[in-house]
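Here is the file my_file.json (JSON, C-alpha atoms).
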[["chain", "number", "residue", "atom", "x", "y", "z"],
["A", 16, "MET", "CA", -52.63, -29.46, 16.24],
["A", 17, "THR", "CA", -54.95, -26.79, 17.68],
["A", 18, "ARG", "CA", -56.97, -24.82, 15.10],
["A", 19, "ARG", "CA", -57.85, -21.11, 15.60],
["A", 20, "PRO", "CA", -61.54, -20.43, 16.10],
["A", 21, "VAL", "CA", -63.25, -19.40, 12.88],
["A", 22, "VAL", "CA", -65.27, -16.76, 14.77],
["A", 23, "ASN", "CA", -62.14, -14.92, 15.95],
["A", 24, "ARG", "CA", -60.65, -14.95, 12.45],
["A", 25, "ARG", "CA", -63.81, -13.50, 10.94],
["A", 26, "ALA", "CA", -63.96, -10.83, 13.63],
["A", 27, "ARG", "CA", -60.40, -9.77, 12.84],
["A", 28, "GLU", "CA", -61.23, -9.66, 9.13],
["A", 29, "ARG", "CA", -64.25, -7.45, 9.81],
["A", 30, "GLU", "CA", -62.12, -5.20, 12.03],
["A", 31, "THR", "CA", -59.42, -4.92, 9.35],
["A", 32, "LYS", "CA", -61.99, -4.16, 6.69],
["A", 33, "ALA", "CA", -63.64, -1.52, 8.89],
["A", 34, "ARG", "CA", -60.25, 0.06, 9.61],
["A", 35, "PHE", "CA", -59.41, 0.11, 5.89],
["A", 36, "THR", "CA", -62.80, 1.70, 5.10],
["A", 37, "LEU", "CA", -62.19, 4.34, 7.76],
["A", 38, "TYR", "CA", -58.69, 5.10, 6.47],
["A", 39, "LEU", "CA", -60.01, 5.29, 2.92],
["A", 40, "ALA", "CA", -62.79, 7.67, 3.94],
["A", 41, "VAL", "CA", -60.35, 9.86, 5.87],
["A", 42, "GLY", "CA", -57.92, 9.81, 2.96],
["A", 43, "LEU", "CA", -60.60, 10.76, 0.47],
["A", 44, "ALA", "CA", -61.83, 13.55, 2.77],
["A", 45, "LEU", "CA", -58.31, 14.90, 3.17],
["A", 46, "ALA", "CA", -57.74, 14.70, -0.57],
["A", 47, "PHE", "CA", -61.01, 16.54, -1.20],
["A", 48, "LEU", "CA", -60.08, 19.24, 1.33],
["A", 49, "GLY", "CA", -56.63, 19.49, -0.23],
["A", 50, "VAL", "CA", -57.98, 19.87, -3.75],
["A", 51, "THR", "CA", -60.57, 22.40, -2.56],
["A", 52, "SER", "CA", -57.99, 24.39, -0.62],
["A", 53, "MET", "CA", -55.67, 24.39, -3.60],
["A", 54, "ALA", "CA", -58.49, 25.51, -5.88],
["A", 55, "VAL", "CA", -59.33, 28.40, -3.55],
["A", 56, "PHE", "CA", -55.65, 29.31, -3.23],
["A", 57, "LEU", "CA", -55.16, 29.31, -7.00],
["A", 58, "ALA", "CA", -58.39, 31.20, -7.49],
["A", 59, "ARG", "CA", -57.26, 33.91, -5.10],
["A", 60, "GLU", "CA", -53.86, 34.06, -6.76],
["A", 61, "TRP", "CA", -55.53, 34.38, -10.15],
["A", 62, "ASN", "CA", -58.19, 36.74, -8.88],
["A", 63, "PRO", "CA", -57.02, 38.30, -5.60],
["A", 64, "ASP", "CA", -59.04, 40.41, -3.20],
["A", 65, "LEU", "CA", -59.48, 43.91, -4.60],
["A", 66, "THR", "CA", -59.58, 47.38, -3.10],
["A", 67, "GLU", "CA", -62.34, 49.90, -3.79],
["A", 68, "ASP", "CA", -60.46, 51.02, -6.92],
["A", 69, "LEU", "CA", -60.36, 47.40, -8.20],
["A", 70, "CYS", "CA", -56.60, 47.05, -7.56],
["A", 71, "PRO", "CA", -55.16, 43.92, -5.88],
["A", 72, "VAL", "CA", -54.82, 44.16, -2.11],
["A", 73, "ASP", "CA", -51.70, 42.01, -1.88],
["A", 74, "ARG", "CA", -49.67, 43.19, -4.87],
["A", 75, "ALA", "CA", -48.76, 46.29, -6.84],
["A", 76, "PRO", "CA", -50.56, 47.18, -10.09],
["A", 77, "THR", "CA", -48.93, 45.69, -13.17],
["A", 78, "SER", "CA", -48.73, 49.11, -14.82],
["A", 79, "GLU", "CA", -49.39, 52.77, -14.07],
["A", 80, "THR", "CA", -50.96, 54.95, -16.76],
["A", 81, "VAL", "CA", -51.44, 58.68, -16.23],
["A", 82, "LEU", "CA", -53.90, 60.43, -18.55],
["A", 83, "ILE", "CA", -53.74, 64.22, -18.60],
["A", 84, "VAL", "CA", -56.41, 66.07, -20.55],
["A", 85, "ASP", "CA", -55.96, 69.78, -21.19],
["A", 86, "GLY", "CA", -59.31, 71.49, -21.54],
["A", 87, "THR", "CA", -58.16, 75.04, -20.81],
["A", 88, "ASP", "CA", -58.96, 75.99, -24.41],
["A", 89, "PRO", "CA", -61.97, 74.84, -26.47],
["A", 90, "TRP", "CA", -61.75, 71.85, -28.80],
["A", 91, "SER", "CA", -62.99, 71.58, -32.34],
["A", 92, "PRO", "CA", -65.50, 68.79, -33.16],
["A", 93, "VAL", "CA", -62.70, 66.83, -34.86],
["A", 94, "GLN", "CA", -60.49, 67.15, -31.80],
["A", 95, "ARG", "CA", -63.32, 66.16, -29.49],
["A", 96, "LEU", "CA", -63.90, 62.98, -31.52],
["A", 97, "ALA", "CA", -60.17, 62.21, -31.60],
["A", 98, "ILE", "CA", -59.90, 62.58, -27.82],
["A", 99, "GLU", "CA", -62.87, 60.32, -27.21],
["A", 100, "GLN", "CA", -61.52, 57.62, -29.53],
["A", 101, "ARG", "CA", -58.02, 57.80, -28.07],
["A", 102, "LEU", "CA", -59.25, 57.49, -24.51],
["A", 103, "GLU", "CA", -61.34, 54.47, -25.48],
["A", 104, "GLU", "CA", -58.28, 52.88, -27.12],
["A", 105, "ILE", "CA", -56.23, 53.45, -24.00],
["A", 106, "GLN", "CA", -58.79, 51.65, -21.87],
["A", 107, "GLU", "CA", -58.53, 48.59, -24.12],
["A", 108, "GLN", "CA", -54.73, 48.66, -23.87],
["A", 109, "VAL", "CA", -54.49, 48.69, -20.07],
["A", 110, "PRO", "CA", -53.29, 45.25, -18.93],
["A", 111, "ARG", "CA", -55.05, 43.25, -16.24],
["A", 112, "PHE", "CA", -54.50, 44.90, -12.86],
["A", 113, "GLY", "CA", -52.99, 47.94, -14.55],
["A", 114, "ARG", "CA", -54.07, 51.23, -12.98],
["A", 115, "VAL", "CA", -55.26, 54.41, -14.70],
["A", 116, "HIS", "CA", -54.94, 57.89, -13.16],
["A", 117, "LEU", "CA", -57.01, 60.55, -14.93],
["A", 118, "PHE", "CA", -56.23, 64.26, -14.50],
["A", 119, "THR", "CA", -57.30, 67.45, -16.21],
["A", 120, "VAL", "CA", -55.37, 70.69, -16.52],
["A", 121, "ARG", "CA", -57.10, 73.40, -14.51],
["A", 122, "PRO", "CA", -56.25, 77.10, -14.75],
["A", 123, "GLU", "CA", -56.50, 77.32, -10.96],
["A", 124, "ALA", "CA", -54.61, 74.07, -10.36],
["A", 125, "GLY", "CA", -53.11, 73.81, -6.90],
["A", 126, "PRO", "CA", -49.74, 72.27, -6.02],
["A", 127, "VAL", "CA", -51.16, 68.71, -6.05],
["A", 128, "PRO", "CA", -53.95, 68.15, -8.60],
["A", 129, "GLU", "CA", -56.67, 65.71, -7.66],
["A", 130, "ALA", "CA", -57.22, 62.71, -9.93],
["A", 131, "LEU", "CA", -60.72, 62.49, -11.39],
["A", 132, "LEU", "CA", -60.35, 58.72, -11.57],
["A", 133, "GLU", "CA", -57.98, 56.11, -10.17],
["A", 134, "LEU", "CA", -59.03, 52.61, -11.20],
["A", 135, "CYS", "CA", -57.48, 49.24, -12.04],
["A", 136, "ASN", "CA", -58.53, 46.97, -14.87],
["A", 137, "PRO", "CA", -59.75, 43.74, -13.17],
["A", 138, "GLY", "CA", -59.63, 41.84, -16.47],
["A", 139, "LEU", "CA", -62.14, 40.54, -18.97],
["A", 140, "PRO", "CA", -64.28, 37.42, -18.41],
["A", 141, "SER", "CA", -62.24, 35.74, -21.15],
["A", 142, "ASP", "CA", -59.10, 36.15, -19.00],
["A", 143, "PHE", "CA", -60.52, 33.67, -16.51],
["A", 144, "GLU", "CA", -60.51, 30.90, -19.10],
["A", 145, "LYS", "CA", -56.73, 30.80, -18.53],
["A", 146, "PHE", "CA", -57.29, 29.80, -14.92],
["A", 147, "PRO", "CA", -55.25, 26.62, -14.16],
["A", 148, "ILE", "CA", -56.95, 23.22, -14.28],
["A", 149, "ILE", "CA", -60.51, 24.21, -13.39],
["A", 150, "ARG", "CA", -60.58, 27.28, -15.62],
["A", 151, "ASP", "CA", -63.14, 29.99, -15.02],
["A", 152, "GLY", "CA", -65.17, 27.88, -12.60],
["A", 153, "GLY", "CA", -62.43, 28.24, -10.00],
["A", 154, "SER", "CA", -62.22, 31.99, -10.34],
["A", 155, "ARG", "CA", -65.90, 32.25, -9.55],
["A", 156, "LEU", "CA", -65.22, 30.76, -6.13],
["A", 157, "VAL", "CA", -64.01, 34.20, -5.09],
["A", 158, "ALA", "CA", -65.33, 36.72, -7.63],
["A", 159, "ASN", "CA", -67.84, 37.67, -10.28],
["A", 160, "PRO", "CA", -65.67, 38.62, -13.28],
["A", 161, "GLU", "CA", -68.56, 39.99, -15.35],
["A", 162, "GLN", "CA", -69.56, 42.38, -12.57],
["A", 163, "LEU", "CA", -65.98, 43.60, -12.08],
["A", 164, "THR", "CA", -65.50, 44.15, -15.80],
["A", 165, "GLU", "CA", -68.76, 46.08, -16.06],
["A", 166, "ARG", "CA", -67.69, 48.38, -13.25],
["A", 167, "TRP", "CA", -64.29, 49.01, -14.88],
["A", 168, "ARG", "CA", -65.92, 49.86, -18.19],
["A", 169, "SER", "CA", -68.79, 51.94, -16.83],
["A", 170, "GLU", "CA", -66.80, 54.05, -14.36],
["A", 171, "TYR", "CA", -64.09, 54.79, -16.91],
["A", 172, "LYS", "CA", -66.64, 55.65, -19.60],
["A", 173, "ALA", "CA", -68.60, 57.87, -17.23],
["A", 174, "LYS", "CA", -65.51, 59.99, -16.56],
["A", 175, "LEU", "CA", -64.62, 59.96, -20.26],
["A", 176, "ASP", "CA", -68.09, 61.20, -21.21],
["A", 177, "ALA", "CA", -67.94, 63.92, -18.57],
["A", 178, "ILE", "CA", -64.59, 65.15, -19.83],
["A", 179, "VAL", "CA", -65.60, 65.14, -23.48],
["A", 180, "LEU", "CA", -68.82, 66.94, -22.59],
["A", 181, "ASP", "CA", -67.41, 69.53, -20.18],
["A", 182, "GLU", "CA", -63.68, 69.98, -20.77],
["A", 183, "GLY", "CA", -62.74, 72.04, -23.77],
["A", 184, "ALA", "CA", -66.30, 73.28, -24.20],
["A", 185, "ALA", "CA", -65.79, 76.51, -22.26],
["A", 186, "GLY", "CA", -63.98, 79.59, -23.48],
["A", 187, "GLU", "CA", -60.26, 80.18, -23.33],
["A", 188, "SER", "CA", -58.77, 80.11, -19.84],
["A", 189, "ALA", "CA", -56.48, 82.74, -18.41],
["A", 190, "ALA", "CA", -53.85, 80.13, -17.52],
["A", 191, "SER", "CA", -52.73, 76.69, -18.70],
["A", 192, "PRO", "CA", -50.32, 75.18, -16.15],
["A", 193, "ILE", "CA", -49.63, 72.08, -18.25],
["A", 194, "MET", "CA", -46.06, 71.50, -17.07],
["A", 195, "GLU", "CA", -47.02, 71.87, -13.43],
["A", 196, "THR", "CA", -49.93, 69.44, -13.83],
["A", 197, "LEU", "CA", -47.77, 66.90, -15.65],
["A", 198, "ARG", "CA", -45.04, 67.04, -13.05],
["A", 199, "THR", "CA", -47.20, 66.84, -9.95],
["A", 200, "ALA", "CA", -49.54, 64.22, -11.42],
["A", 201, "ALA", "CA", -46.52, 62.04, -12.25],
["A", 202, "LEU", "CA", -44.99, 62.47, -8.79],
["A", 203, "ARG", "CA", -48.27, 61.56, -7.17],
["A", 204, "SER", "CA", -49.08, 58.58, -9.42],
["A", 205, "PHE", "CA", -45.62, 57.06, -9.86],
["A", 206, "GLY", "CA", -44.26, 57.74, -6.39],
["A", 207, "GLU", "CA", -45.17, 54.28, -5.08],
["A", 208, "ALA", "CA", -44.99, 52.34, -8.34],
["A", 209, "ALA", "CA", -43.39, 48.95, -7.92],
["A", 210, "ALA", "CA", -40.01, 48.33, -9.48],
["A", 211, "GLY", "CA", -40.43, 46.70, -12.86],
["A", 212, "SER", "CA", -43.98, 47.90, -13.46],
["A", 213, "SER", "CA", -44.45, 49.85, -16.68],
["A", 214, "ARG", "CA", -45.16, 53.57, -16.42],
["A", 215, "GLN", "CA", -46.67, 55.71, -19.14],
["A", 216, "VAL", "CA", -48.24, 59.13, -19.63],
["A", 217, "MET", "CA", -50.73, 60.19, -22.28],
["A", 218, "LEU", "CA", -50.79, 63.98, -22.54],
["A", 219, "ILE", "CA", -53.71, 65.39, -24.52],
["A", 220, "SER", "CA", -53.06, 69.08, -24.98],
["A", 221, "ASP", "CA", -52.33, 72.02, -27.28],
["A", 222, "LEU", "CA", -49.01, 72.31, -25.36],
["A", 223, "MET", "CA", -49.53, 76.05, -25.00],
["A", 224, "GLN", "CA", -48.03, 76.40, -21.54],
["A", 225, "ASN", "CA", -49.15, 79.57, -19.78],
["A", 226, "SER", "CA", -48.34, 80.07, -16.12],
["A", 227, "PRO", "CA", -46.28, 82.43, -13.94],
["A", 228, "GLU", "CA", -43.31, 80.04, -14.26],
["A", 229, "TYR", "CA", -43.33, 80.09, -18.06],
["A", 230, "SER", "CA", -45.60, 81.25, -20.88],
["A", 231, "VAL", "CA", -45.19, 80.45, -24.56],
["A", 232, "TYR", "CA", -47.05, 83.67, -25.29],
["A", 233, "SER", "CA", -44.31, 85.84, -23.81],
["A", 234, "ASP", "CA", -41.44, 83.83, -25.35],
["A", 235, "SER", "CA", -40.36, 85.16, -28.74],
["A", 236, "GLU", "CA", -38.81, 81.87, -29.79],
["A", 237, "TRP", "CA", -39.55, 78.35, -28.55],
["A", 238, "SER", "CA", -36.56, 76.04, -28.30],
["A", 239, "SER", "CA", -35.26, 72.85, -26.74],
["A", 240, "GLU", "CA", -33.04, 75.00, -24.54],
["A", 241, "ASP", "CA", -36.19, 76.37, -22.92],
["A", 242, "GLY", "CA", -37.30, 72.86, -22.08],
["A", 243, "VAL", "CA", -33.96, 71.95, -20.53],
["A", 244, "ARG", "CA", -33.94, 75.15, -18.47],
["A", 245, "LEU", "CA", -37.50, 74.70, -17.21],
["A", 246, "ALA", "CA", -36.92, 71.06, -16.18],
["A", 247, "ALA", "CA", -33.46, 71.50, -14.65],
["A", 248, "THR", "CA", -33.14, 69.41, -11.51],
["A", 249, "ASN", "CA", -31.18, 72.15, -9.73],
["A", 250, "VAL", "CA", -34.43, 74.15, -9.94],
["A", 251, "LEU", "CA", -37.12, 71.48, -9.51],
["A", 252, "GLY", "CA", -35.11, 69.12, -7.33],
["A", 253, "THR", "CA", -36.32, 65.75, -8.67],
["A", 254, "ARG", "CA", -37.05, 64.02, -11.98],
["A", 255, "SER", "CA", -40.76, 63.27, -12.03],
["A", 256, "LEU", "CA", -40.74, 61.15, -15.22],
["A", 257, "ARG", "CA", -37.87, 58.75, -14.60],
["A", 258, "ASP", "CA", -38.32, 55.61, -16.76],
["A", 259, "VAL", "CA", -41.69, 56.88, -18.01],
["A", 260, "SER", "CA", -42.78, 56.60, -21.65],
["A", 261, "VAL", "CA", -44.84, 59.54, -22.89],
["A", 262, "GLN", "CA", -47.29, 59.88, -25.75],
["A", 263, "ILE", "CA", -48.66, 63.25, -26.80],
["A", 264, "LEU", "CA", -51.94, 63.87, -28.58],
["A", 265, "TYR", "CA", -51.12, 67.35, -29.84],
["A", 266, "MET", "CA", -54.27, 69.42, -30.36],
["A", 267, "GLU", "CA", -52.87, 71.95, -32.79],
["A", 268, "ARG", "CA", -54.21, 75.49, -32.37],
["A", 269, "LEU", "CA", -51.67, 77.55, -34.24],
["A", 270, "GLY", "CA", -53.79, 79.71, -36.49],
["A", 271, "GLY", "CA", -52.39, 81.37, -39.59],
["A", 272, "ARG", "CA", -48.75, 81.36, -40.50],
["A", 273, "PRO", "CA", -46.44, 80.78, -37.51],
["A", 274, "SER", "CA", -43.68, 83.26, -36.88],
["A", 275, "ALA", "CA", -40.03, 82.26, -36.96],
["A", 276, "GLY", "CA", -39.19, 80.14, -33.93],
["A", 277, "GLN", "CA", -42.83, 79.69, -32.95],
["A", 278, "GLY", "CA", -43.98, 76.85, -35.19],
["A", 279, "ALA", "CA", -45.45, 73.52, -34.13],
["A", 280, "SER", "CA", -42.09, 71.78, -34.52],
["A", 281, "ASN", "CA", -40.44, 74.33, -32.20],
["A", 282, "LEU", "CA", -43.13, 73.77, -29.59],
["A", 283, "ILE", "CA", -42.77, 70.01, -29.77],
["A", 284, "GLU", "CA", -38.98, 70.31, -29.46],
["A", 285, "LEU", "CA", -39.44, 72.37, -26.31],
["A", 286, "TRP", "CA", -41.69, 69.72, -24.77],
["A", 287, "ASP", "CA", -39.49, 66.85, -25.88],
["A", 288, "SER", "CA", -36.49, 68.37, -24.13],
["A", 289, "TYR", "CA", -38.55, 69.20, -21.03],
["A", 290, "ILE", "CA", -39.81, 65.63, -20.74],
["A", 291, "GLY", "CA", -36.37, 64.17, -21.48],
["A", 292, "GLU", "CA", -34.74, 66.34, -18.82],
["A", 293, "GLN", "CA", -37.34, 65.03, -16.36],
["A", 294, "GLY", "CA", -36.26, 61.46, -17.17],
["A", 295, "GLY", "CA", -39.06, 60.54, -19.59],
["A", 296, "LEU", "CA", -39.03, 59.45, -23.21],
["A", 297, "VAL", "CA", -41.47, 60.78, -25.81],
["A", 298, "MET", "CA", -42.51, 57.71, -27.78],
["A", 299, "ARG", "CA", -45.06, 59.33, -30.10],
["A", 300, "VAL", "CA", -46.56, 62.69, -30.99],
["A", 301, "GLN", "CA", -49.87, 62.54, -32.88],
["A", 302, "ARG", "CA", -51.01, 65.88, -34.26],
["A", 303, "ILE", "CA", -54.75, 66.66, -34.51],
["A", 304, "GLU", "CA", -55.49, 69.83, -36.43],
["A", 305, "GLY", "CA", -58.06, 72.23, -35.04]]

Turn the structure described in the file into structure tokens.
Amino acid sequence: MTRRPVVNRRARERETKARFTLYLAVGLALAFLGVTSMAVFLAREWNPDLTEDLCPVDRAPTSETVLIVDGTDPWSPVQRLAIEQRLEEIQEQVPRFGRVHLFTVRPEAGPVPEALLELCNPGLPSDFEKFPIIRDGGSRLVANPEQLTERWRSEYKAKLDAIVLDEGAAGESAASPIMETLRTAALRSFGEAAAGSSRQVMLISDLMQNSPEYSVYSDSEWSSEDGVRLAATNVLGTRSLRDVSVQILYMERLGGRPSAGQGASNLIELWDSYIGEQGGLVMRVQRIEG
């Protein structure tokens, strides 16, 4: 019987071992690349690329919130404080990647008011602790959550401070086109809202509409019928508040004893019907006395 050379057998063993080591190294490298790629993918899904207004590039905002502040008449110190607190509360309530549109009512408002601020909430640093598997460490592969949060807070607060300081501090304005501002701001802000995203409006105003289209000062009695007539689609053409929830911070200015048909409840009824006819739903009216 012929025996195989020991040298050849050992050479084959070394070759097999070297091949196994190579395969193992390649496998480990591929596994590492796979895990790294998955981590980056998940990180980008959790914290996607953002536009200049901190909104996701590849998806629609999770919510759209329109804030309308009416400063066409001066505010009392109590009202000023209430506005500041309410705007701060709203910022805390905006969900991650929800967008805020901030408008003010201007007496010379054009057909399309310009937003003072359009900004998404990029989330709090604590949100990144929910990141799958590798938690907040993975999110930092593609972003700096503290820096994004600071920008969201500071830019919003800067506009808030400017409004509280400037709006409502001047004298009474000759016009208050509140309905026109509400309608056009909603059309502009909600026109491209994704289906299923929540839509809400916070209107901060004395509700004393005064424009060529309609003025509460020339109406002897405020009623829900007025609201229906002013919002009729055969006149305006479209419903600007379809599926929109509305909250009103009513800055009451009715001095003395109201006349019949011109009380605060009549005014609120008028606005409720106007908003309802435009497709919205008034969820809450909070009255702040002057």

For Ser220 of chain A, which of A:Glu240, A:Glu67, A:Asp85, A:Asp176 is the closest residue, counting all atoms listed in the file? A:Asp85

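Using all atoms listed in the file, the shortest contact distance between Pro89 of chain A and any of A:Met266, A:Leu139, A:Leu65, A:Leu163 is found at A:Met266.
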
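Each of A:Phe205, A:Gln215, A:Gln94, A:Ser169 was compared to Gln108 of chain A using only C-alpha atoms, and A:Gln215 turns out to be the nearest.
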
As an exercise, work out the distance from atom CA of Ala201 of chain A to atom CA of Asn249 of chain A in Å and give it to one decimal place. 18.5 Å

Coordinates of box centre and edge lengths for segment 112-115 of chain A, 4 Å on every side, axis-aligned, as lines of an AutoDock Vina configuration file:
center_x = -54.1
center_y = 49.7
center_z = -13.8
size_x = 10.3
size_y = 17.5
size_z = 9.8

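Across the model, the gap from atom CA of Leu285 of chain A to atom CA of Asp241 of chain A is 6.2 Å.
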
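Interatomic distance, atom CA of Leu282 of chain A against atom CA of Ser204 of chain A: 25.9 Å.
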
Can you tell me, as a list in words, what residues are no more than 10 Å from Ala275 of chain A when counting all atoms listed in the file, ignoring any on the same chain fewer than 5 positions away? Ser235, Glu236, Trp237 and Asn281 of chain A

Shell of 12 Å around Ser233 of chain A, only C-alpha atoms, local chain residues under 6 positions omitted, as a PyMOL selection string: chain A and resi 223-227+277

With distances taken over all atoms listed in the file, the candidate from A:Glu79, A:Glu99, A:Asp88, A:Glu228 nearest Phe112 of chain A is A:Glu79

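Proximity of A:Arg114, A:Arg166, A:Arg299, A:Arg101 to Ile263 of chain A, computed with all atoms listed in the file, is greatest for A:Arg299.
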
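Within the 8 Å cut-off around Leu134 of chain A, using all atoms listed in the file and omitting residues fewer than 6 positions from it on the same chain, the listed residues are Asp68, Leu69, Cys70, Arg114, Val115, His116, Trp167 and Tyr171 of chain A.
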
The selected residues should be written to file as a short mmCIF file (atom, residue, chain, number, x, y, z; two decimals), in the coordinates of the input (atoms: C-alpha atoms).
data_model
loop_
_atom_site.label_atom_id
_atom_site.label_comp_id
_atom_site.auth_asym_id
_atom_site.auth_seq_id
_atom_site.Cartn_x
_atom_site.Cartn_y
_atom_site.Cartn_z
CA ASP A 68 -60.46 51.02 -6.92
CA LEU A 69 -60.36 47.40 -8.20
CA CYS A 70 -56.60 47.05 -7.56
CA ARG A 114 -54.07 51.23 -12.98
CA VAL A 115 -55.26 54.41 -14.70
CA HIS A 116 -54.94 57.89 -13.16
CA TRP A 167 -64.29 49.01 -14.88
CA TYR A 171 -64.09 54.79 -16.91
#

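Closest to Ser280 of chain A among A:Ile193, A:Leu222, A:Leu131, A:Val81 is A:Leu222, based on only C-alpha atoms.
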